[in-house]
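Novice: Could you have a look at this structure, given as structure tokens, before my questions?
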Amino acid sequence: MKVLIATEKPFAPAAVEGIKKELLEAGHEVALLEKYTDNAQLLDAVKDADAMIVRSDKVTPAVLDAAKQLKVVVRAGAGYDSIDTAYAKEKNVVVENTPGQNSNAVAELVFGMLVSAVRNFYNGKAGTELMGKKLGILAFGNVGRNVARIAKGFGMDVYAYDAFCPADVIEAAGVHAVKTQDELFQVSDIVSLHIPATPETIKSIDYRTVNQMPKKGILVNTARKEVINEEELLKLMGEREDLKFVTDIKPDADEEFSKFEGRYFSTPKKMGAQTAEANTNAGIAAAKQINSFFATGDTKFQVNK
Ligand code: 3PG
């Protein structure tokens, strides 16, 4: 079978080697398309692919139509909002993800950005510490759990809300489970977002929600830009000079947010999962899933059933 690795944002070279080794040993052929700048390159590369490994690459109906032989797409990562899963299902293409494989990397970046934010982005003025601050984790999935683990090392008081995860699971991790998303924003000095982008969550982080945060609140986003109502957050930051917003996903309104000097930071390109370890874990997991899909029909990680 021919497996295409299509990554606009390339994996670390060691990860690519590992993925290739895994696939070649199983008898597959491997093609690599990295740093493509035009969708036409992707449309051309998928023409004869039986399987595909992607990151946040957009797998649109046009891509799925061009990929006449495609049977399985594995998103090396967690979020699959960049893939038209319903259309893939219509075309009998299995879509899978590799949950948990890059979550530590994303969680570590939360703290990289947070230390920088509480130290005033290293402008020389006295900042604050994370120890003793209340951290609210919105969604207690793989990333949220890693954030909680690291936060405890910083001596933070950790809270979480998850609409789907039972409170006793949260409490068992040594984290205070709150009953509502509103309560999480009300109690937390810092809120870290780990919700997926779904019809329910898109634009859900709005003026009213964030305005519940105590004075000097910090909002951290390593999830998806779509979950934030940018227009409303801009309005709120204009009104509340105490709020900071740090994000790993450049908002559409980056230019407007940049006007809040000293209160806003965005990585230039999404960097949460961009470590050699995360790339290797997620990439090799994707390769193994493809191997077992073709060997035994295994679809354990299918997300478009
Ligand atoms: C994910 O959903 O796994 C993360 O957002 C990482 O995305 P990336 O592979 O595009 O960096």
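Residues are named by chain letter and number: chains run A, B, ... in the order of the structure tokens, numbers start at 1 in each chain, and ligands are numbered from 1 in the order shown.
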I want to know what sits within 12 Å of A:Glu90, based on only C-alpha atoms, with residues of the same chain fewer than 6 positions away left out; could you give that as number ranges by chain?
Specialist: A: 61, 64-65, 71, 84, 304-305
Novice: For ligand 1, list the contacting residues at 6 Å or closer, counting only C-alpha atoms and all ligand atoms, as a ChimeraX atom specification.
Specialist: /A:55-56,77-79,270,273-274
Novice: List the spatial neighbours of A:Asp168 as a list in words - criterion: any atom at most 12 Å away, only C-alpha atoms, same-chain residues fewer than 6 positions off excluded.
Specialist: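 Non-adjacent residues within range: Phe140, Ala160, Tyr161, Asp162, Gly174, Val175, His176, Ala177, Val178 and Lys179 of chain A.
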Novice: Quick one: residues within 8 Å of stretch 298-302 of chain A, only C-alpha atoms counted, chain neighbours fewer than 3 positions away excluded, as JSON, numbers by chain?
Specialist: {"A": [94, 95, 96, 97, 98, 289, 292, 293, 294, 295, 305]}
Novice: Using C-alpha atoms, can you write the selected residues to a file as a JSON list (two decimals), in the first residue's frame?
Specialist:
[["chain", "number", "residue", "atom", "x", "y", "z"],
["A", 94, "VAL", "CA", -11.71, 5.67, 7.87],
["A", 95, "VAL", "CA", -10.45, 8.67, 9.88],
["A", 96, "GLU", "CA", -8.39, 8.05, 13.02],
["A", 97, "ASN", "CA", -6.46, 10.18, 15.50],
["A", 98, "THR", "CA", -3.70, 9.33, 17.97],
["A", 289, "GLN", "CA", -2.37, 2.23, 13.32],
["A", 292, "SER", "CA", -2.72, -2.77, 11.82],
["A", 293, "PHE", "CA", -5.58, -1.33, 9.73],
["A", 294, "PHE", "CA", -4.18, -3.02, 6.62],
["A", 295, "ALA", "CA", -3.06, -6.19, 8.45],
["A", 305, "LYS", "CA", -17.87, 5.59, 12.77]]
Novice: Need the shell around stretch 259-266 of chain A: protein/DNA/RNA residues with any atom at most 12 Å away, counting only C-alpha atoms. Skip same-chain ones fewer than 2 positions apart. Format as an NGL selection string?
Specialist: :A and (109-110 or 112-114 or 116-125 or 127 or 216-222 or 225 or 233-257 or 268-272)
Novice: Can you work out which one of A:Arg208, A:His28, A:Lys134, A:Lys20 has the shortest atom-to-atom distance to A:Asp50, counting only C-alpha atoms?
Specialist: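 Smallest separation from A:Asp50 among the options: A:His28.
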Novice: Ranking A:Leu135, A:Val303, A:Val93, A:Leu24 by minimum distance to A:Lys2 and counting only C-alpha atoms, which one comes first?
Specialist: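 Smallest distance to A:Lys2 is found for A:Leu24.
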Novice: From a DSSP pass on the backbone, collect the residues of stretch 30-114 of chain A flagged as strand (DSSP E) and hand them back as an MDAnalysis selection string.
Specialist: chainID A and resid 30:34 51:54 72:75 94:97
Novice: Could you please take those selected residues and save N, CA, C and O atoms as a PDB file, in the first residue's frame?
Specialist:
ATOM      1  N   VAL A  30       6.299   4.496   0.912  1.00  0.00           N
ATOM      2  CA  VAL A  30       6.069   5.769   1.616  1.00  0.00           C
ATOM      3  C   VAL A  30       6.372   6.965   0.705  1.00  0.00           C
ATOM      4  O   VAL A  30       7.396   6.985   0.023  1.00  0.00           O
ATOM      5  N   ALA A  31       5.478   7.935   0.692  1.00  0.00           N
ATOM      6  CA  ALA A  31       5.738   9.200  -0.025  1.00  0.00           C
ATOM      7  C   ALA A  31       5.668  10.324   1.000  1.00  0.00           C
ATOM      8  O   ALA A  31       4.884  10.262   1.962  1.00  0.00           O
ATOM      9  N   LEU A  32       6.492  11.349   0.792  1.00  0.00           N
ATOM     10  CA  LEU A  32       6.561  12.442   1.765  1.00  0.00           C
ATOM     11  C   LEU A  32       6.292  13.779   1.079  1.00  0.00           C
ATOM     12  O   LEU A  32       6.962  14.119   0.100  1.00  0.00           O
ATOM     13  N   LEU A  33       5.305  14.503   1.580  1.00  0.00           N
ATOM     14  CA  LEU A  33       5.040  15.861   1.081  1.00  0.00           C
ATOM     15  C   LEU A  33       5.074  16.801   2.279  1.00  0.00           C
ATOM     16  O   LEU A  33       4.170  16.787   3.118  1.00  0.00           O
ATOM     17  N   GLU A  34       6.141  17.595   2.349  1.00  0.00           N
ATOM     18  CA  GLU A  34       6.297  18.503   3.494  1.00  0.00           C
ATOM     19  C   GLU A  34       6.274  19.946   3.021  1.00  0.00           C
ATOM     20  O   GLU A  34       6.639  20.237   1.888  1.00  0.00           O
ATOM     21  N   ALA A  51      -3.269   5.368   1.990  1.00  0.00           N
ATOM     22  CA  ALA A  51      -3.384   5.850   3.371  1.00  0.00           C
ATOM     23  C   ALA A  51      -2.638   7.166   3.474  1.00  0.00           C
ATOM     24  O   ALA A  51      -1.785   7.478   2.644  1.00  0.00           O
ATOM     25  N   MET A  52      -2.978   7.912   4.513  1.00  0.00           N
ATOM     26  CA  MET A  52      -2.392   9.235   4.657  1.00  0.00           C
ATOM     27  C   MET A  52      -2.163   9.543   6.131  1.00  0.00           C
ATOM     28  O   MET A  52      -3.012   9.221   6.963  1.00  0.00           O
ATOM     29  N   ILE A  53      -1.024  10.141   6.415  1.00  0.00           N
ATOM     30  CA  ILE A  53      -0.769  10.646   7.773  1.00  0.00           C
ATOM     31  C   ILE A  53      -0.709  12.165   7.654  1.00  0.00           C
ATOM     32  O   ILE A  53       0.026  12.689   6.814  1.00  0.00           O
ATOM     33  N   VAL A  54      -1.503  12.847   8.489  1.00  0.00           N
ATOM     34  CA  VAL A  54      -1.523  14.316   8.438  1.00  0.00           C
ATOM     35  C   VAL A  54      -1.398  14.885   9.835  1.00  0.00           C
ATOM     36  O   VAL A  54      -1.525  14.162  10.837  1.00  0.00           O
ATOM     37  N   VAL A  72      -7.711   5.077   4.465  1.00  0.00           N
ATOM     38  CA  VAL A  72      -7.584   5.517   5.860  1.00  0.00           C
ATOM     39  C   VAL A  72      -6.721   6.784   5.961  1.00  0.00           C
ATOM     40  O   VAL A  72      -5.711   6.906   5.253  1.00  0.00           O
ATOM     41  N   VAL A  73      -7.176   7.717   6.806  1.00  0.00           N
ATOM     42  CA  VAL A  73      -6.401   8.932   7.102  1.00  0.00           C
ATOM     43  C   VAL A  73      -6.143   8.914   8.600  1.00  0.00           C
ATOM     44  O   VAL A  73      -7.091   8.781   9.378  1.00  0.00           O
ATOM     45  N   VAL A  74      -4.884   9.033   8.991  1.00  0.00           N
ATOM     46  CA  VAL A  74      -4.615   9.143  10.429  1.00  0.00           C
ATOM     47  C   VAL A  74      -4.072  10.528  10.729  1.00  0.00           C
ATOM     48  O   VAL A  74      -3.065  10.957  10.161  1.00  0.00           O
ATOM     49  N   ARG A  75      -4.758  11.215  11.624  1.00  0.00           N
ATOM     50  CA  ARG A  75      -4.338  12.528  12.076  1.00  0.00           C
ATOM     51  C   ARG A  75      -3.340  12.244  13.223  1.00  0.00           C
ATOM     52  O   ARG A  75      -3.742  11.716  14.283  1.00  0.00           O
ATOM     53  N   VAL A  94     -11.793   5.698   6.404  1.00  0.00           N
ATOM     54  CA  VAL A  94     -11.707   5.672   7.871  1.00  0.00           C
ATOM     55  C   VAL A  94     -10.812   6.824   8.322  1.00  0.00           C
ATOM     56  O   VAL A  94      -9.726   7.026   7.771  1.00  0.00           O
ATOM     57  N   VAL A  95     -11.278   7.590   9.315  1.00  0.00           N
ATOM     58  CA  VAL A  95     -10.446   8.667   9.879  1.00  0.00           C
ATOM     59  C   VAL A  95     -10.111   8.287  11.328  1.00  0.00           C
ATOM     60  O   VAL A  95     -10.992   7.893  12.091  1.00  0.00           O
ATOM     61  N   GLU A  96      -8.826   8.373  11.657  1.00  0.00           N
ATOM     62  CA  GLU A  96      -8.393   8.052  13.024  1.00  0.00           C
ATOM     63  C   GLU A  96      -7.546   9.207  13.559  1.00  0.00           C
ATOM     64  O   GLU A  96      -7.003   9.997  12.794  1.00  0.00           O
ATOM     65  N   ASN A  97      -7.431   9.271  14.885  1.00  0.00           N
ATOM     66  CA  ASN A  97      -6.458  10.178  15.497  1.00  0.00           C
ATOM     67  C   ASN A  97      -5.552   9.371  16.415  1.00  0.00           C
ATOM     68  O   ASN A  97      -5.684   8.136  16.499  1.00  0.00           O
TER      69      ASN A  97
END
Novice: What residues in stretch 186-295 of chain A get the DSSP label alpha helix (DSSP H)? Please answer as a ChimeraX atom specification.
Specialist: /A:186-187,207-210,230-239,254-258,276-295
Novice: Out of A:Gly283, A:Gly155, A:Gly132, A:Gly141, which residue has the shortest atom-to-atom distance to A:Ala12 when counting only C-alpha atoms?
Specialist: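 With only C-alpha atoms as the atom set, the closest residue is A:Gly283.
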Novice: Nearest to A:Ile19 among A:Val169, A:Ala76, A:Asp48, A:Tyr36, with distances taken over only C-alpha atoms: which residue is it?
Specialist: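 For A:Ile19, the nearest of the candidates is A:Ala76.
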Novice: Of the candidates A:Glu226, A:Glu200, A:Glu108, A:Glu25, which shows the shortest atom-to-atom distance to A:Arg145, using only C-alpha atoms?
Specialist: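 Among the listed residues, A:Glu108 lies closest to A:Arg145.
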Novice: Quick one: residues within 10 Å of A:Pro13, only C-alpha atoms, excluding same-chain residues fewer than 4 positions away - as a PyMOL selection string?
Specialist: chain A and resi 17-19+276+279-280
Novice: Generate a file of the selected residues that holds C-alpha atoms, formatted as an mmCIF file, in the first residue's frame.
Specialist:
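The result, stored in result35.cif:
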data_model
loop_
_atom_site.group_PDB
_atom_site.id
_atom_site.type_symbol
_atom_site.label_atom_id
_atom_site.label_comp_id
_atom_site.auth_asym_id
_atom_site.auth_seq_id
_atom_site.Cartn_x
_atom_site.Cartn_y
_atom_site.Cartn_z
ATOM 1 C CA GLU A 17 12.677 8.334 9.998
ATOM 2 C CA GLY A 18 10.752 6.387 12.640
ATOM 3 C CA ILE A 19 7.473 6.591 10.721
ATOM 4 C CA ALA A 276 10.767 15.775 18.633
ATOM 5 C CA ASN A 279 6.219 14.170 16.697
ATOM 6 C CA THR A 280 7.796 10.761 17.211
#
Novice: Which residues are close to A:Pro214, i.e. within 9 Å by only C-alpha atoms, leaving aside same-chain residues fewer than 5 positions away? Reply as a short mmCIF file (atom, residue, chain, number, x, y, z; two decimals) with all heavy atoms, in the first residue's frame.
Specialist:
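Everything below was put into part-v7.cif:
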data_model
loop_
_atom_site.label_atom_id
_atom_site.label_comp_id
_atom_site.auth_asym_id
_atom_site.auth_seq_id
_atom_site.Cartn_x
_atom_site.Cartn_y
_atom_site.Cartn_z
N PHE A 185 -14.42 29.80 35.71
CA PHE A 185 -13.92 31.15 35.40
C PHE A 185 -13.97 32.05 36.64
O PHE A 185 -13.11 32.91 36.83
CB PHE A 185 -14.68 31.78 34.23
CG PHE A 185 -14.17 31.30 32.88
CD1 PHE A 185 -14.56 30.08 32.36
CD2 PHE A 185 -13.24 32.04 32.18
CE1 PHE A 185 -14.07 29.61 31.14
CE2 PHE A 185 -12.73 31.59 30.95
CZ PHE A 185 -13.15 30.38 30.44
N GLN A 186 -14.98 31.84 37.48
CA GLN A 186 -15.12 32.70 38.67
C GLN A 186 -14.02 32.44 39.70
O GLN A 186 -13.54 33.36 40.34
CB GLN A 186 -16.50 32.47 39.32
CG GLN A 186 -17.63 33.11 38.53
CD GLN A 186 -18.98 32.42 38.77
OE1 GLN A 186 -19.13 31.63 39.70
NE2 GLN A 186 -19.95 32.71 37.92
N VAL A 187 -13.59 31.18 39.83
CA VAL A 187 -12.60 30.88 40.89
C VAL A 187 -11.14 31.00 40.43
O VAL A 187 -10.25 31.11 41.26
CB VAL A 187 -12.78 29.46 41.50
CG1 VAL A 187 -14.12 29.32 42.17
CG2 VAL A 187 -12.55 28.35 40.48
N SER A 188 -10.90 30.98 39.11
CA SER A 188 -9.51 30.80 38.64
C SER A 188 -8.78 32.10 38.30
O SER A 188 -9.28 32.93 37.55
CB SER A 188 -9.52 29.91 37.40
OG SER A 188 -10.20 28.71 37.66
N ASP A 189 -7.55 32.22 38.82
CA ASP A 189 -6.69 33.35 38.44
C ASP A 189 -6.24 33.18 36.99
O ASP A 189 -5.99 34.15 36.27
CB ASP A 189 -5.44 33.37 39.32
CG ASP A 189 -5.78 33.52 40.78
OD1 ASP A 189 -6.47 34.50 41.11
OD2 ASP A 189 -5.40 32.64 41.59
N ILE A 190 -6.09 31.90 36.62
CA ILE A 190 -5.65 31.57 35.26
C ILE A 190 -6.58 30.49 34.73
O ILE A 190 -6.88 29.53 35.46
CB ILE A 190 -4.21 31.01 35.29
CG1 ILE A 190 -3.23 32.08 35.81
CG2 ILE A 190 -3.77 30.51 33.91
CD1 ILE A 190 -1.87 31.52 36.22
#
Novice: Considering only C-alpha atoms, can you say which of A:Ala139, A:Ala151, A:Met213, A:Cys165 comes closest to A:Pro196?
Specialist: A:Ala139
Novice: How far is it from atom CA of A:His194 to atom CA of A:Ser103, in Å with one decimal?
Specialist: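 Between these atoms lies a distance of 10.4 Å.
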Novice: Mind giving me the straight-line distance from atom CA of A:Lys215 to atom CA of A:Ser192 in Å, one decimal?
Specialist: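 Calculated distance between atom CA of A:Lys215 and atom CA of A:Ser192 is 16.2 Å.
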